[in-house]
Amino acid sequence: MCSILGLFDLRPGADLRPLRPLALSLSAKQRHRGPDWSGVSVEPRAILVHERLAIVDPTGGSQPLRSVDGDLALAVNGEIYNHRELEQQLAQPYAFQTKSDCEVINALYRESADLGELLNRLNGIFAFALWDAARGRYVIARDPFGVCPLYWGHDADGRLWVASEMKALARLCDDVAAFPPGHYYDSEVGVPVKYYQRPWRDYAATEGVEVSKQELREAFERAVHRQMMSDVPYGVLLSGGLDSSLVAACAARFARRRIEEDDQAEAWWPRLHSFAIGLEGSPDLAAAEVAAAALGTVHHGFTYTFEEGLDVLPDVIAHIETYDVTTIRASTPMFLLARRIKAMGVKMVLSGEGSDEIFGGYLYFHKAPNAREFHEELVRKLDALHSFDCLRANKSMMAWGVEPRVPFLDVEFIEVAMRMDAQAKMVDKASGRIEKAVLREAFEGYLPDSILWRQKEQFSDGVGYGWIDGLKAHAEAQVGDREFATAASRFPINTPQTKEAYYYRGLFERLFPGTACAESVPGGKSIACSSPAAIAWDASFANAADPSGRAVAGVHQAALV
């Protein structure tokens with residue numbers, strides 16, 4: 001994973017001399033994402049810049065990726081997990097210039113007239129910009145759930161800029177915005193086109209559909225196996241919760257063989273390393289030790305102090321580019337953990353994001369009135385992932401040049417898990433069936449019962465309850481009542497409802513001024529990470545709105561493993 005920056009819609013004969021250094025200076029703001037190498041391609045009507053984090057083909061996969069005739073230039077942030085299968089399926093020979101997994105995009109572009117069909121063939125995470133000199137055409141695209149960040153906007157001269165992070169464009173483009181996940185933009189069409197559309201978005205298409213435990217388990221195992229593709233040291237994030245533990249359990253089964261050689265050769269790094277972080281005595285650290293011991297990983301549990309977390313808050317907000325309260329709470333320990341991981345020479349980690357959005361793992365799902373509303377909330381949560389958990393995982397880790405991968409959001413696994421009738425995912429208080437029971441049952445025997453059946457702890461809770469309580473207390477001391485009373489006039493967009501939110505908003509505004517930056521962050525009330533729509537599920541939610549899972553009274557149970 002890396003960063004990209006592109007400049008398009010240059011006038012014929014435009015003077016490129018000042019534009020090249022400008023593009024390079026803006027790209028440098030993202031270099032933390034790609035510290036290994038910088039590449040630039042300057043065309044008469046386009047400029048592409050790439051900052052590389054070398055994961056696959058580290059010696060020969062530098063970008064932008066050019067076709068042999070020089071007509072195509074491609075800058076990609078991402079990984080294409082099924083690139084070898086796609087290369088074998090090409091109708092015409094293609095002269096690959098590298099062993100990069102992403103170069104297959106150029107090959108597919110050459111033989112496909114349908115961009116939507118091309119993109120739907122990719123199983124991976126990606127944000128890319130492609131320039132076709134022969135046609136004077138450019139294409140911008142983003143993966144289905146926005147695992148890879150991407151922003152775009154226009155400068156004062158009407159030129160289109162695209163970048164992996166908002167900081168590269170925030171002071172240049174007054175209309176900077178997130179590029180929509182699951183879409184592409186073709187300069188020959190002129191509007192974003194949604195390519196990722198699935199029948200399961202409509203509950204009626206899933207009603208009555210059963211998925212066996214075996215099918216669910218095997219689909220997830222394939223997803224983890226696919227995403228272990230790497231030519232550099234890697235590991236797993238292991239909080240001790242269900243999701244990260246399942247990722248680790250599956251990875252441990254494949255770690256000793258090299259994925260890139262069809263499991264025929266010994267892996268270059270056969271011992272699986274796992275990583276966790278929390279305050280002293282946190283629930284996650286205790287649970288992670290149990291899971292790691294059972295799985296046999298080389299485990300690294302790190303502690304941080306409240307003061308250390310507080311110290312890096314401005315840096316965290318600068319990197320994650322949001323003022324969302326729950327995202328900041330959870331991003332801070334992840335940011336600290338990423339620095340520890342980087343110091344150990346690890347460049348890629350597998351993580352558990354996406355499971356709660358697929359299976360209804362957040363505790364407020366206990367209040368869902370029926371399967372249809374449960375499913376519709378899942379779809380809303382998946383659509384919003386790029387603004388919350390995917391943003392957190394990607395930007396917190398990439399702040400230190402560590403690539404996070406998310407097997408639960410593998411497109412083939414999603415097809416299996418989301419076509420299932422949501423009735424199978426719902427809790428049943430009468431029988432004691434808890435959240436995500438269908439997933440837990442599919443992996444019986446893979447983990448100790450204390451981990452497999454551990455109640456959901458949101459990451460910002462699991463690192464230690466003192467973390468959130470301390471943040472609230474700190475904000476209360478920093479933001480006076482008189483200052484907070486001006487919130488609506490100072491921040492008319494998504495006006496902060498608490499002093500904690502006001503404090504974060506102030507830090508954000510100094511780094512990302514302007515209406516467009518403020519509008520890039522979704523608003524609305526939430527309880528335990530719900531969408532605003534789910535507040536209506538329980539009368540008590542409106543008054544108890546807080547993103548912490550502890551806000552769902554009567555459901556959350558604090559416990560150490």
# chains A, B, ... in the order shown; residues from 1 in each chain; ligands from 1

$ residues_around --residues "Lys342 in chain A" --least-positions-apart "5" --cutoff "10 Å" --atoms "only C-alpha atoms" --output "list in words"
Leu337, Lys347, Met348, Met397, Met398, Trp400, Gly401 and Val402 of chain A

$ write_last_selection --atoms "C-alpha atoms" --output "PDB file, in the first residue's frame"
ATOM      1  CA  LEU A 337       0.722   0.315  18.181  1.00  0.00           C
ATOM      2  CA  LYS A 347       5.362  -3.825   7.119  1.00  0.00           C
ATOM      3  CA  MET A 348       1.957  -5.506   6.824  1.00  0.00           C
ATOM      4  CA  MET A 397      -1.317   2.194  10.538  1.00  0.00           C
ATOM      5  CA  MET A 398      -0.101   3.941   7.406  1.00  0.00           C
ATOM      6  CA  TRP A 400       4.027   4.714  10.235  1.00  0.00           C
ATOM      7  CA  GLY A 401       4.206   2.860   6.922  1.00  0.00           C
ATOM      8  CA  VAL A 402       2.421  -0.315   8.083  1.00  0.00           C
TER       9      VAL A 402
END

$ select_by_dssp --residues "range 326-518 of chain A" --states "alpha helix (DSSP H)" --output "JSON, numbers by chain"
{"A": [326, 327, 328, 329, 330, 331, 332, 333, 334, 335, 336, 337, 338, 339, 340, 341, 342, 343, 355, 356, 357, 358, 359, 371, 372, 373, 374, 375, 376, 377, 378, 379, 380, 381, 382, 383, 384, 389, 390, 391, 392, 393, 394, 395, 396, 397, 398, 411, 412, 413, 414, 415, 416, 417, 418, 437, 438, 439, 440, 441, 442, 449, 450, 451, 452, 459, 460, 461, 462, 465, 466, 467, 468, 469, 470, 471, 472, 473, 474, 475, 476, 477, 478, 481, 482, 483, 484, 487, 488, 489, 490, 499, 500, 501, 502, 503, 504, 505, 506, 507, 508, 509, 510, 511, 515, 516, 517, 518]}

$ select_by_dssp --residues "range 149-339 of chain A" --states "strand (DSSP E)" --output "PyMOL selection string"
chain A and resi 151-154+160-163+177-178+183-186+192-194+234-237+273-278+298-303

$ closest_atom_pairs --of "range 108-138 of chain A" --to "range 404-409 of chain A" --cutoff "12 Å" --atoms "only C-alpha atoms" --output "CSV"
residue,atom,partner,partner_atom,distance
A:Asn123,CA,A:Leu409,CA,10.0
A:Gly124,CA,A:Leu409,CA,9.1
A:Ile125,CA,A:Arg405,CA,8.2
A:Phe126,CA,A:Arg405,CA,11.2

$ residues_around --residues "range 223-227 of chain A" --least-positions-apart "4" --cutoff "8 Å" --atoms "only C-alpha atoms" --output "PyMOL selection string"
chain A and resi 81-82+219+247+250-251+254+259+350+405+407-408+410+412-413

$ write_last_selection --atoms "N, CA and C atoms" --output "compact mmCIF listing (two decimals), in the first residue's frame"
# COMPACT_ATOMS: atom_id res chain seq x y z
N TYR A 81 -5.34 -9.11 -4.77
CA TYR A 81 -5.04 -10.43 -4.24
C TYR A 81 -5.16 -11.54 -5.29
N ASN A 82 -6.01 -11.35 -6.28
CA ASN A 82 -6.22 -12.39 -7.30
C ASN A 82 -5.48 -12.06 -8.59
N ALA A 219 -15.09 -19.97 3.31
CA ALA A 219 -14.98 -18.71 2.57
C ALA A 219 -14.05 -17.74 3.30
N VAL A 247 -9.10 -14.01 12.60
CA VAL A 247 -8.11 -13.72 11.57
C VAL A 247 -6.79 -14.41 11.92
N CYS A 250 -6.92 -18.31 11.58
CA CYS A 250 -6.81 -18.77 10.20
C CYS A 250 -5.40 -18.55 9.66
N ALA A 251 -4.83 -17.38 9.94
CA ALA A 251 -3.48 -17.09 9.46
C ALA A 251 -2.47 -18.09 10.01
N PHE A 254 -1.91 -21.16 7.95
CA PHE A 254 -1.27 -21.06 6.64
C PHE A 254 0.14 -20.46 6.70
N ILE A 259 2.44 -18.33 0.29
CA ILE A 259 1.21 -18.17 -0.48
C ILE A 259 1.52 -17.93 -1.95
N LEU A 350 -2.61 -8.17 9.25
CA LEU A 350 -4.01 -8.52 9.01
C LEU A 350 -4.83 -8.06 10.20
N ARG A 405 -4.53 -5.02 6.27
CA ARG A 405 -5.42 -5.73 5.36
C ARG A 405 -6.60 -6.29 6.15
N PRO A 407 -9.44 -9.07 5.93
CA PRO A 407 -10.04 -10.24 5.27
C PRO A 407 -11.57 -10.29 5.34
N PHE A 408 -12.17 -9.73 6.39
CA PHE A 408 -13.64 -9.77 6.46
C PHE A 408 -14.27 -8.99 5.30
N ASP A 410 -13.06 -8.99 2.23
CA ASP A 410 -12.76 -9.66 0.98
C ASP A 410 -14.06 -9.81 0.18
N GLU A 412 -15.16 -11.81 -2.07
CA GLU A 412 -15.77 -13.15 -2.19
C GLU A 412 -16.41 -13.56 -0.86
N PHE A 413 -15.77 -13.23 0.25
CA PHE A 413 -16.37 -13.56 1.55
C PHE A 413 -17.65 -12.75 1.77

$ residues_around --residues "Val211 in chain A" --least-positions-apart "5" --cutoff "9 Å" --atoms "only C-alpha atoms" --output "list in words"
Leu216, Val416, Ala417, Arg419, Met420 and Asp421 of chain A

$ write_last_selection --atoms "C-alpha atoms" --output "compact mmCIF listing (two decimals), in the first residue's frame"
# COMPACT_ATOMS: atom_id res chain seq x y z
CA LEU A 216 -19.01 -19.54 5.87
CA VAL A 416 -21.25 -15.44 1.11
CA ALA A 417 -21.85 -13.63 4.39
CA ARG A 419 -26.53 -13.17 1.11
CA MET A 420 -27.48 -14.91 4.37
CA ASP A 421 -30.87 -14.02 5.86

$ residues_around --residues "Val49 in chain A" --least-positions-apart "5" --cutoff "8 Å" --atoms "only C-alpha atoms" --output "ChimeraX atom specification"
/A:4-6,23-24,27,38-41,64,75

$ closest_residue --among "A:Phe302, A:Phe443, A:Phe8, A:Tyr185" --to "Pro44 in chain A" --atoms "only C-alpha atoms"
A:Phe8

$ closest_atom_pairs --of "range 106-181 of chain A" --to "range 351-361 of chain A" --cutoff "12 Å" --atoms "only C-alpha atoms" --output "tab-separated table"
residue	atom	partner	partner_atom	distance
A:Phe145	CA	A:Gly354	CA	9.6
A:Gly146	CA	A:Gly354	CA	11.5
A:Val147	CA	A:Glu353	CA	9.8

$ residues_around --residues "range 483-500 of chain A" --least-positions-apart "4" --cutoff "9 Å" --atoms "only C-alpha atoms" --output "ChimeraX atom specification"
/A:325,471-476,478-479,504-505,515,518-519,521-525

$ atom_distance --atom1 "CA of Leu452 in chain A" --atom2 "CA of Phe374 in chain A"
22.6 Å

$ atom_distance --atom1 "CA of Met426 in chain A" --atom2 "CA of Glu218 in chain A"
21.6 Å

$ atom_distance --atom1 "CA of Pro149 in chain A" --atom2 "CA of Ala338 in chain A"
17.7 Å

$ closest_residue --among "A:His273, A:His299, A:Lys429, A:His386" --to "Arg142 in chain A" --atoms "only C-alpha atoms"
A:His386

$ residues_around --residues "Arg110 in chain A" --least-positions-apart "6" --cutoff "12 Å" --atoms "only C-alpha atoms" --output "ChimeraX atom specification"
/A:67-69,71-72,90-95,103-104,118,130,132,134-135
